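Chemist: I have a structure I would like to understand better, so I am pasting it below and will then ask my questions one at a time.
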Amino acid sequence: MDDKKTSVWTSIRFWRRSAAWVTGMAVVLLMILTFDTMKQVRMGTDEELKHGIKRRVPSPTVINYHISYRYDENRGVEVPVIGKKELLFGKEYSPKEAQELLHLGKLTFQAKDCIDCHTILGNGSYYAPDLTKAWLDPKWNDGTMISMTDSKTKEEAMVKFLMNPKDYRTHERMMPNLGITKKEAMALVAFLKHTSAIDTNGFPRNFSQASRRLEGGTNAR
Amino acid sequence: MFNSCTDIACNNIFAWLNQGPLTLTIILHTIIVLPMFFIYFQEKKRLTEDSKQS
Amino acid sequence: MLAKTNLKYESQKLAINYFTVAVVLFGAQLLMGLIAAAQYLFPSFLYGVFDFNISRMVHINAMVVWMLYAMIGSVYYLLPEESGKEVVGLKFGKIAFWVLTLAVTVVVLVYIFVQIGPADMKTIWFINEGREYIEAPRWADIGIVAVVLVFYYNVFATYQKGKKTGILNVLVADLFALAGLYLCGMFFTDNVSIDQYWWWWVIHLWVEATWEVFVGAIAGFALIKIINAKREIVEMWLWIEVLMLFGSGIMGLGHHYFWIGTPEYWWEIGALFSSLEPVPLVAMFVHVLYDWGREKGHSDAKGEKSPLRNSPAMAWLALNAIGNFLGAGIWGFFHTLPQVNIYTHGTQFTAAHGHLAFFGAYATILTGMIYIAIQGLVGIERVKMTTKTKLSIAFISLGVLGMTVALTIAGYEQTLVERADLGGGWDAYFIAQNLPWYVQAQGWRFAMGVVTFIGYILLVWDMLTINKAQKEGV
């Protein structure tokens, strides 16, 4: 029976010390990982953007460029591709202006509680479409919303929609009017354009590809 | 099985370790769990000594 | 309200206050959930007056707050019994209760009547922070921190003075982490990736690490209290649970960093660590049933009465063991691997997991704690289940499980059609939302929500009348 006394597996001390070690080690590793991740997801600068240095979260001035979302052979997922100059609201924003616009956009996004209907980067509520790549959504790019809102460009259409979603109804479930001003709406558009340039490791996958191919239909219907 | 790093930034230890099959996560698990062996033997020694004394 | 004269300690009387508010907020959570569920079926319901974002926000906030209330209440209840000392500095704790309750009331009223504001920092400070789960405006954040500091002072000072049991060791360390983590959610940044990175520190490290450990500690206390489980065994299990919960849960945070702009190496870290998260939940399940069987075996062998001193609390505790494993473990594992998660991320799958996990892991055990407090309140040796107890458990479990299954079907459909087939986006989203399977699932979810609500009414009724029933003999 002496053996039983020396069993470590039933020793509270052993488990307590192990729990402390494991917890401590996990926390330390998480902190190291956090430092590295923070370095990688800090917002890029205009210089980096001009020199084509890729950042996971690009400079706010990315709103002055064309953005697309294409499959990357090397990475095996879709990645945002920053192309030629493509002005937003017919204007080229300086780094400072772009920063301010993005700030207002993010603030609007929070002040209007968008996240409790929509998702962004896949997080949020599930009552309305995901906004991660909203800027690239076919709905804005195939002319549907542009003609519906009687606009010339997609950013103009987005602003009109955001200010008065009730007037441009596409489904029974529709967005309410949230009292978004023109300035706030423009900032939101900039925020969404910037978000669409964030490298999300390929989320959402195959973005809107099939919905275009099947012309809005699916075999499941 | 082994894929060279294709991520945007590869100049960090984690991206480097991530190139093998589950290598990164196994190494992290090992770092976390390994000290338990040390604790185990230390406790074993202590318990054996305690039982000798009594 | 019941008289509190049977309670031995002042802090247990304060615990009753916390539990009372918790139960009221639980009801608010269910009502808001019903409104939100109805809005899925009838989008014009309260449209423009009380939109989905508001009902959903109050639904979730009420849940988080009632659970925190019940958690604080549980600590105030068990602390003097564990340490053998009356809680130190309780008069501050009493003030903190009223401050917190007032703050919560104001926040909820502002949510309901002001809802949203213009885009400036005033909105963030006074109306709505617009970050899921932690929408509470900044002033309330600071208030919460202040109240929690008072609470922690109560706990820590008492811990220092009294008996330092294993359960208290875990609890004191865990509460420190739990309170500290809230600070990670109190800043504004333009960078949405960094925003979500730290936001998950609060959300994940709460519900998948510190809250789970809290549950482990509470369950340990409850087992000792209800079936007189052997303290050595309970505490050994508790440390094993802490080891496994923190060992997998802390780095399991990686499964939220697959798609928010963070590096690819999180795929692997999140995948394996979070796959191990169900393991401690199995351990907790085994532990509860093992102890129950063990104690019952002992008393049966001696020909004594059943060791069960509080059968409603034990029923909720057993439900916790199953629900935690099923909701947090199985439903969590369903979509934790990045290969799966790329399609399920941001669908009703998450909602299905959320419903069963929060119920199974937290609502159950906190309800059990409330029954233990009721026993103390009445001051009797044995509490037995009444018909209402049984019915409320049946209705609530069936309701929540039903909602979960319905949402899982909805999520499955959404994953396949919207994501895998159509690739996401505006049109894909609405095509999937309008398919019959999805619509039917939402119908079932609403129906099951009503069942849950009926169960809630029975539960409250039972809590208010169980003492009378005991005196009359069940």
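How things are named: the first chain in the structure tokens is A, the next is B, and so on; residues count from 1 in each chain; ligands count from 1 in the order shown.
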Env of Phe38 of chain B: 12 Å cut, atoms = only C-alpha atoms, seq-sep filter 5 positions within chain, self excluded. Answer as a list in words.

Modeler: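 Near neighbours after the sequence-gap exclusion: Phe14, Arg17, Ser18 and Trp21 of chain A; Val33, Glu43, Lys44 and Lys45 of chain B.
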
Chemist: Show me, as a tab-separated table, the residues of chain B having an atom within 8 Å of chain A, each with the closest atom pair and its distance in Å, using only C-alpha atoms.

Modeler:
residue	atom	partner	partner_atom	distance
B:Thr6	CA	A:Arg75	CA	5.7
B:Asp7	CA	A:Arg75	CA	7.1
B:Ile8	CA	A:Lys54	CA	6.9
B:Ala9	CA	A:Gln40	CA	7.4
B:Asn12	CA	A:Asp36	CA	7.7
B:Leu28	CA	A:Leu29	CA	7.9
B:Ile31	CA	A:Met25	CA	7.7
B:Ile32	CA	A:Val22	CA	5.5
B:Val33	CA	A:Val22	CA	6.5
B:Pro35	CA	A:Trp21	CA	7.2
B:Met36	CA	A:Ser18	CA	5.7
B:Ile39	CA	A:Phe14	CA	6.8
B:Tyr40	CA	A:Phe14	CA	6.7
B:Glu43	CA	A:Phe14	CA	6.3
B:Lys44	CA	A:Val8	CA	5.8
B:Leu47	CA	A:Thr6	CA	5.2
B:Thr48	CA	A:Thr6	CA	5.7
B:Ser51	CA	A:Lys5	CA	7.0

Chemist: So which residues touch segment 184-196 of chain A within 10 Å, counting only C-alpha atoms, skipping near sequence neighbours fewer than 3 positions away, as a VMD selection string?

Modeler: (chain A and resid 57 to 69 79 to 81 88 to 89 98 to 109 120 to 121 131 to 137 154 to 156 158 to 163 179 to 181 199 to 200) or (chain C and resid 118 to 119 190 to 193 261)

Chemist: Leaving out Tyr290 of chain C and any residue of its chain fewer than 5 positions from it, which residues lie within 12 Å of it when counting only C-alpha atoms, given as a ChimeraX atom specification?

Modeler: /C:223,227,229-230,233-234,237,282-285,295-297,318,321

Chemist: Write out as a VMD selection string the residues lying within 10 Å of Asn228 of chain C, counting only C-alpha atoms and excluding same-chain residues fewer than 3 positions away.

Modeler: chain C and resid 221 to 225 231 291 to 292 295 307 to 309

Chemist: At a cut-off of 7 Å, list the chain C residues touching chain A, using only C-alpha atoms, as number ranges by chain.

Modeler: C: 43, 48, 52-53, 56-57, 116-120, 123-124, 128-132, 190-191, 193-194, 236, 239-240, 242-243, 246-247, 250-251, 259-264, 342, 345-348, 421-429, 435

Chemist: Could those residues be written to a file, using N, CA and C atoms, as a short mmCIF file (atom, residue, chain, number, x, y, z; two decimals), in the first residue's frame?

Modeler:
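Generated output (again.cif):
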data_model
loop_
_atom_site.label_atom_id
_atom_site.label_comp_id
_atom_site.auth_asym_id
_atom_site.auth_seq_id
_atom_site.Cartn_x
_atom_site.Cartn_y
_atom_site.Cartn_z
N PRO C 43 -40.38 40.92 -40.97
CA PRO C 43 -39.42 42.02 -40.92
C PRO C 43 -40.06 43.38 -40.62
N GLY C 48 -38.33 50.38 -37.80
CA GLY C 48 -38.22 51.83 -37.68
C GLY C 48 -38.52 52.36 -36.29
N PHE C 52 -34.19 45.57 -35.44
CA PHE C 52 -33.52 44.34 -35.04
C PHE C 52 -32.23 44.61 -34.27
N ASN C 53 -31.46 45.59 -34.72
CA ASN C 53 -30.18 45.80 -34.05
C ASN C 53 -30.38 46.13 -32.57
N ARG C 56 -31.74 42.91 -30.69
CA ARG C 56 -30.65 41.95 -30.60
C ARG C 56 -29.59 42.42 -29.59
N MET C 57 -29.31 43.71 -29.62
CA MET C 57 -28.31 44.25 -28.69
C MET C 57 -28.78 44.08 -27.24
N ILE C 116 -29.30 55.05 -31.06
CA ILE C 116 -28.03 55.34 -31.74
C ILE C 116 -27.83 56.84 -31.75
N GLY C 117 -26.64 57.27 -32.16
CA GLY C 117 -26.38 58.70 -32.16
C GLY C 117 -25.58 59.12 -33.37
N PRO C 118 -25.28 60.42 -33.47
CA PRO C 118 -24.45 60.89 -34.58
C PRO C 118 -23.02 60.40 -34.42
N ALA C 119 -22.26 60.48 -35.52
CA ALA C 119 -20.91 59.93 -35.48
C ALA C 119 -19.94 60.88 -34.79
N ASP C 120 -19.98 60.94 -33.49
CA ASP C 120 -18.86 61.56 -32.79
C ASP C 120 -18.63 60.85 -31.46
N THR C 123 -21.32 59.95 -28.75
CA THR C 123 -22.15 58.75 -28.87
C THR C 123 -21.46 57.57 -28.20
N ILE C 124 -20.16 57.44 -28.44
CA ILE C 124 -19.40 56.34 -27.85
C ILE C 124 -19.39 56.46 -26.33
N ASN C 128 -23.87 54.49 -27.06
CA ASN C 128 -23.71 53.15 -27.58
C ASN C 128 -22.33 53.04 -28.19
N GLU C 129 -21.57 52.06 -27.75
CA GLU C 129 -20.21 51.94 -28.27
C GLU C 129 -20.17 51.19 -29.60
N GLY C 130 -21.27 50.54 -29.96
CA GLY C 130 -21.36 49.91 -31.28
C GLY C 130 -20.41 48.76 -31.48
N ARG C 131 -20.01 48.09 -30.40
CA ARG C 131 -19.17 46.90 -30.54
C ARG C 131 -19.93 45.75 -29.92
N GLU C 132 -20.14 44.72 -30.73
CA GLU C 132 -21.00 43.62 -30.34
C GLU C 132 -20.67 43.11 -28.93
N ASP C 190 -9.31 53.21 -35.34
CA ASP C 190 -9.80 53.23 -36.72
C ASP C 190 -9.55 51.90 -37.42
N ASN C 191 -8.61 51.13 -36.86
CA ASN C 191 -8.20 49.89 -37.51
C ASN C 191 -9.11 48.75 -37.08
N SER C 193 -9.24 45.68 -37.78
CA SER C 193 -8.60 44.42 -37.42
C SER C 193 -8.09 44.45 -35.98
N ILE C 194 -7.45 45.55 -35.62
CA ILE C 194 -6.96 45.69 -34.24
C ILE C 194 -8.15 45.75 -33.29
N MET C 236 -8.98 18.44 -6.43
CA MET C 236 -8.04 17.89 -7.41
C MET C 236 -8.61 18.02 -8.81
N TRP C 239 -8.32 21.59 -10.15
CA TRP C 239 -7.03 21.98 -10.71
C TRP C 239 -6.81 21.34 -12.07
N ILE C 240 -7.26 20.11 -12.24
CA ILE C 240 -7.13 19.47 -13.56
C ILE C 240 -7.94 20.26 -14.59
N VAL C 242 -8.77 23.45 -14.42
CA VAL C 242 -8.09 24.72 -14.69
C VAL C 242 -6.96 24.49 -15.69
N LEU C 243 -6.20 23.46 -15.45
CA LEU C 243 -5.08 23.15 -16.34
C LEU C 243 -5.55 22.99 -17.78
N PHE C 246 -7.50 26.39 -19.23
CA PHE C 246 -6.59 27.46 -19.61
C PHE C 246 -5.59 26.98 -20.65
N GLY C 247 -5.15 25.74 -20.51
CA GLY C 247 -4.18 25.21 -21.48
C GLY C 247 -4.71 25.25 -22.90
N ILE C 250 -6.82 29.50 -23.63
CA ILE C 250 -6.11 30.76 -23.84
C ILE C 250 -5.58 30.85 -25.27
N MET C 251 -4.90 29.80 -25.72
CA MET C 251 -4.40 29.83 -27.10
C MET C 251 -5.50 29.50 -28.10
N TRP C 259 -9.79 35.08 -39.89
CA TRP C 259 -10.21 35.92 -41.04
C TRP C 259 -10.30 37.40 -40.75
N ILE C 260 -9.71 37.87 -39.68
CA ILE C 260 -9.93 39.30 -39.38
C ILE C 260 -8.72 40.15 -39.77
N GLY C 261 -7.90 39.63 -40.67
CA GLY C 261 -6.77 40.42 -41.12
C GLY C 261 -5.48 40.02 -40.44
N THR C 262 -5.57 39.05 -39.52
CA THR C 262 -4.39 38.60 -38.78
C THR C 262 -3.65 37.52 -39.57
N PRO C 263 -2.37 37.28 -39.25
CA PRO C 263 -1.55 36.39 -40.09
C PRO C 263 -2.06 34.96 -40.19
N GLU C 264 -1.58 34.26 -41.21
CA GLU C 264 -2.04 32.90 -41.49
C GLU C 264 -1.68 31.90 -40.39
N ILE C 342 -14.22 28.71 -42.72
CA ILE C 342 -14.25 29.70 -43.81
C ILE C 342 -15.64 29.77 -44.43
N HIS C 345 -18.28 30.77 -40.90
CA HIS C 345 -18.03 32.00 -40.15
C HIS C 345 -19.08 33.06 -40.49
N GLY C 346 -19.76 33.54 -39.47
CA GLY C 346 -20.74 34.59 -39.69
C GLY C 346 -22.07 34.08 -40.21
N THR C 347 -22.38 32.81 -39.95
CA THR C 347 -23.71 32.30 -40.31
C THR C 347 -24.47 31.94 -39.04
N GLN C 348 -25.68 31.43 -39.20
CA GLN C 348 -26.50 31.06 -38.05
C GLN C 348 -25.87 29.92 -37.25
N ASP C 421 -21.96 27.44 -52.15
CA ASP C 421 -22.46 27.46 -53.52
C ASP C 421 -22.30 28.84 -54.15
N LEU C 422 -22.82 29.86 -53.49
CA LEU C 422 -22.88 31.17 -54.13
C LEU C 422 -21.72 32.11 -53.76
N GLY C 423 -20.99 31.78 -52.71
CA GLY C 423 -19.81 32.58 -52.41
C GLY C 423 -20.05 33.85 -51.62
N GLY C 424 -21.19 33.99 -51.00
CA GLY C 424 -21.44 35.17 -50.18
C GLY C 424 -21.78 36.40 -50.99
N GLY C 425 -22.02 37.51 -50.28
CA GLY C 425 -22.41 38.74 -50.97
C GLY C 425 -23.90 38.99 -50.81
N TRP C 426 -24.30 40.19 -51.22
CA TRP C 426 -25.67 40.66 -51.03
C TRP C 426 -26.71 39.68 -51.56
N ASP C 427 -26.62 39.37 -52.86
CA ASP C 427 -27.64 38.49 -53.47
C ASP C 427 -27.61 37.10 -52.87
N ALA C 428 -26.39 36.55 -52.73
CA ALA C 428 -26.25 35.21 -52.17
C ALA C 428 -26.89 35.15 -50.79
N TYR C 429 -26.66 36.21 -50.02
CA TYR C 429 -27.20 36.25 -48.66
C TYR C 429 -28.72 36.14 -48.68
N LEU C 435 -34.86 30.86 -48.72
CA LEU C 435 -35.18 29.46 -49.03
C LEU C 435 -36.07 28.86 -47.93
#
